[in-house]
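Structure first, then comments.
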Amino acid sequence: MAQPLPQIPGVRLSAVPAKIKNWQRDDVLLIEIAEGASVSATFTKNAFCAAPVLVAKEHIRRGNIRALLINAGNANAATGERGLQNAQQCCEGLAAVLGIDAAQVLPFSTGVIGEHLPVQKILDALPAAASGLRADGWEMASRAIMTTDTRPKTASRTVEIAGATISVVGIAKGAGMIQPNMATMLAYVATDAAIPQPMLDQLVKDAVGQSFNRISIDGDTSTNDACVLIASGATGEVIADTHSDAYAHLKAAIVEVHIELAQAIVRDGEGATKFVTVQVNNAASSEEALRVAFEIGESPLVKTAMYASDPNWGRLIMAIGNAGVDNLDTGKVNVFLDDVQIVDAGGRAEGYTEEQGKKVFQQSDFTITVDLQRGDVSEHIWTCDFSHDYVTINAEYRT
């Protein structure tokens, strides 16, 4: 039986049903943050970023964030000026209930794009949400933000620093429209450590860079992506030296939580049956290595071969060749499926058999490794296969 998630002093949560869609479940989440906490976030780079993203960006610049308001079932994206007004109205409604300023609320939405937010349903649910706030609400919160997810996504770590136990807890949602370009769909991570704002701003970027920026389900960046990192400061001692052991231990725990959530999103990818690591070694640069990795991980031809357990290595070298690597010497490229070498010096490896490759591809977890032999940089991403169910889920998404 899984251990309950630790509580984060200074952070309380509540989930309630607003019936934004025709479902019987919680779909509005409130996260209350104590006065004095630090809050940082990364947001989507999609040009059609949703109204709540625009409002949240403006509010977070002002600082002193006291609450997050999240709804599932409606993205409030591509909704124009009315969408902005709706997002702001939700912030004002929550502010009135909590006795704070509207600019201290960050709004988030996830769901169908292009439909106006049912504001009154959300406003009507806020009093109940406020009265139900509790420190042990993380599991409940993880379910309230789900859309096409088949299961909630949670992660936690504890670390001992200067005699104090510091906790890190995170939740996330996402199963499709995943190649974030910054973070992914929606993710919320909190710690009771005290971290100054500038340090927290850099920390969330570093954590996202090692986690959510390394996953892809379908190569599409959502209009609503956001990843929020909260430092409540309840432990008292301020961790302000980035060269200290305390910071190193805390950062490692925060990054681990981000990675676990990111991998959970890939494992729950729409219709996914395989979890695949794409490792690129000996590249000339990090950018080059990631281009190759994502070209493989996002190729529909590669992903359908994964699903079929068909080790069609011609699709792999096709993807490598499409990555735009300058002056790539294909005669030096080696490719492995786990420890089975399928490509040696740009051609079929001597002794390789289809049976060996198929055995690897039949596994639920495996690694594709590409050795470019042009430098000393290594990078990796996580991806999944494309199944019949992926098409079904997305063909019927709005029905």
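How things are named: the first chain in the structure tokens is A, the next is B, and so on; residues count from 1 in each chain; ligands count from 1 in the order shown.
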Worksheet item: Taking the backbone alone, and naming residues the way the document does, which bits of region 13-152 of chain A are strand (DSSP E or B) by DSSP, as an MDAnalysis selection string?
Response: chainID A and resid 13:16 28:33 38:43 67:74 105:112 134
Residue subset to file, keeping N, CA and C atoms, as a short mmCIF file (atom, residue, chain, number, x, y, z; two decimals), in the first residue's frame:
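See part_31.cif below for the written result:
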data_model
loop_
_atom_site.label_atom_id
_atom_site.label_comp_id
_atom_site.auth_asym_id
_atom_site.auth_seq_id
_atom_site.Cartn_x
_atom_site.Cartn_y
_atom_site.Cartn_z
N LEU A 13 -5.18 22.41 0.56
CA LEU A 13 -5.82 22.11 -0.71
C LEU A 13 -7.26 21.70 -0.51
N SER A 14 -8.05 21.90 -1.56
CA SER A 14 -9.45 21.46 -1.54
C SER A 14 -9.91 21.23 -2.97
N ALA A 15 -10.69 20.18 -3.17
CA ALA A 15 -11.24 19.88 -4.50
C ALA A 15 -12.75 19.70 -4.36
N VAL A 16 -13.48 20.29 -5.30
CA VAL A 16 -14.94 20.23 -5.26
C VAL A 16 -15.49 20.04 -6.68
N VAL A 28 -12.75 21.26 -9.73
CA VAL A 28 -12.16 22.55 -9.36
C VAL A 28 -11.25 22.31 -8.16
N LEU A 29 -10.01 22.78 -8.29
CA LEU A 29 -9.01 22.61 -7.24
C LEU A 29 -8.57 23.97 -6.73
N LEU A 30 -8.52 24.11 -5.41
CA LEU A 30 -8.02 25.31 -4.78
C LEU A 30 -6.79 24.96 -3.97
N ILE A 31 -5.71 25.68 -4.18
CA ILE A 31 -4.49 25.53 -3.38
C ILE A 31 -4.23 26.86 -2.69
N GLU A 32 -4.29 26.86 -1.37
CA GLU A 32 -4.05 28.06 -0.59
C GLU A 32 -2.60 28.07 -0.10
N ILE A 33 -1.95 29.22 -0.20
CA ILE A 33 -0.54 29.35 0.14
C ILE A 33 -0.39 30.40 1.24
N SER A 38 7.27 31.76 -1.26
CA SER A 38 7.77 32.11 -2.60
C SER A 38 7.09 31.21 -3.61
N VAL A 39 6.69 31.77 -4.74
CA VAL A 39 6.01 31.01 -5.79
C VAL A 39 6.63 31.37 -7.13
N SER A 40 7.01 30.34 -7.89
CA SER A 40 7.57 30.56 -9.22
C SER A 40 6.91 29.61 -10.20
N ALA A 41 6.99 29.92 -11.49
CA ALA A 41 6.32 29.06 -12.48
C ALA A 41 6.96 29.21 -13.84
N THR A 42 6.77 28.19 -14.66
CA THR A 42 7.07 28.27 -16.09
C THR A 42 5.77 28.05 -16.84
N PHE A 43 5.68 28.64 -18.02
CA PHE A 43 4.43 28.57 -18.79
C PHE A 43 4.72 28.18 -20.24
N ALA A 67 -2.88 32.04 -3.64
CA ALA A 67 -3.80 30.96 -4.00
C ALA A 67 -3.65 30.58 -5.47
N LEU A 68 -3.89 29.32 -5.75
CA LEU A 68 -3.97 28.81 -7.12
C LEU A 68 -5.39 28.27 -7.31
N LEU A 69 -6.00 28.59 -8.44
CA LEU A 69 -7.35 28.11 -8.76
C LEU A 69 -7.28 27.37 -10.08
N ILE A 70 -7.60 26.08 -10.05
CA ILE A 70 -7.46 25.23 -11.24
C ILE A 70 -8.80 24.57 -11.56
N ASN A 71 -9.17 24.59 -12.83
CA ASN A 71 -10.37 23.85 -13.25
C ASN A 71 -10.02 22.88 -14.36
N ALA A 72 -10.70 21.75 -14.37
CA ALA A 72 -10.58 20.77 -15.45
C ALA A 72 -11.85 20.79 -16.29
N GLY A 73 -11.72 20.36 -17.54
CA GLY A 73 -12.89 20.25 -18.41
C GLY A 73 -13.04 21.36 -19.42
N ASN A 74 -12.38 22.49 -19.19
CA ASN A 74 -12.47 23.63 -20.10
C ASN A 74 -11.15 24.38 -20.04
N VAL A 105 -4.02 35.69 -6.87
CA VAL A 105 -4.55 34.40 -7.33
C VAL A 105 -3.98 34.08 -8.71
N LEU A 106 -3.49 32.86 -8.88
CA LEU A 106 -3.06 32.38 -10.20
C LEU A 106 -4.12 31.41 -10.73
N PRO A 107 -4.73 31.70 -11.90
CA PRO A 107 -5.74 30.80 -12.47
C PRO A 107 -5.12 29.82 -13.46
N PHE A 108 -5.65 28.61 -13.51
CA PHE A 108 -5.20 27.60 -14.45
C PHE A 108 -6.42 26.82 -14.94
N SER A 109 -6.40 26.44 -16.21
CA SER A 109 -7.50 25.68 -16.79
C SER A 109 -6.95 24.60 -17.70
N THR A 110 -7.67 23.49 -17.81
CA THR A 110 -7.28 22.42 -18.72
C THR A 110 -8.54 21.73 -19.24
N GLY A 111 -8.54 21.38 -20.50
CA GLY A 111 -9.71 20.73 -21.09
C GLY A 111 -9.88 21.13 -22.54
N VAL A 112 -11.12 21.25 -22.97
CA VAL A 112 -11.43 21.54 -24.37
C VAL A 112 -11.07 22.98 -24.72
N ARG A 134 -7.57 21.70 3.38
CA ARG A 134 -6.91 20.80 4.32
C ARG A 134 -5.48 20.54 3.89
#
Item to complete: Extract, using only C-alpha atoms, all DNA, RNA and protein residues at most 8 Å from region 81-83 of chain A, discarding same-chain residues fewer than 4 positions from it, and format them as a VMD selection string.
Response: chain A and resid 51 76 to 77 87 116 to 117
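In this structure, CA of Tyr188 (chain A) sits 27.3 Å away from CA of Gln279 (chain A).
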Worksheet item: CA of Met199 (chain A) to CA of Ala37 (chain A): how many Å, to one decimal?
Response: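 We find that CA of Met199 (chain A) and CA of Ala37 (chain A) lie 13.0 Å from each other.
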Practice prompt. Give the alpha helix (DSSP H) residues of region 76-269 of chain A, as assigned by DSSP on the backbone, as a ChimeraX atom specification.
Written response: /A:80-98,119-131,138-144,197-209,245-267
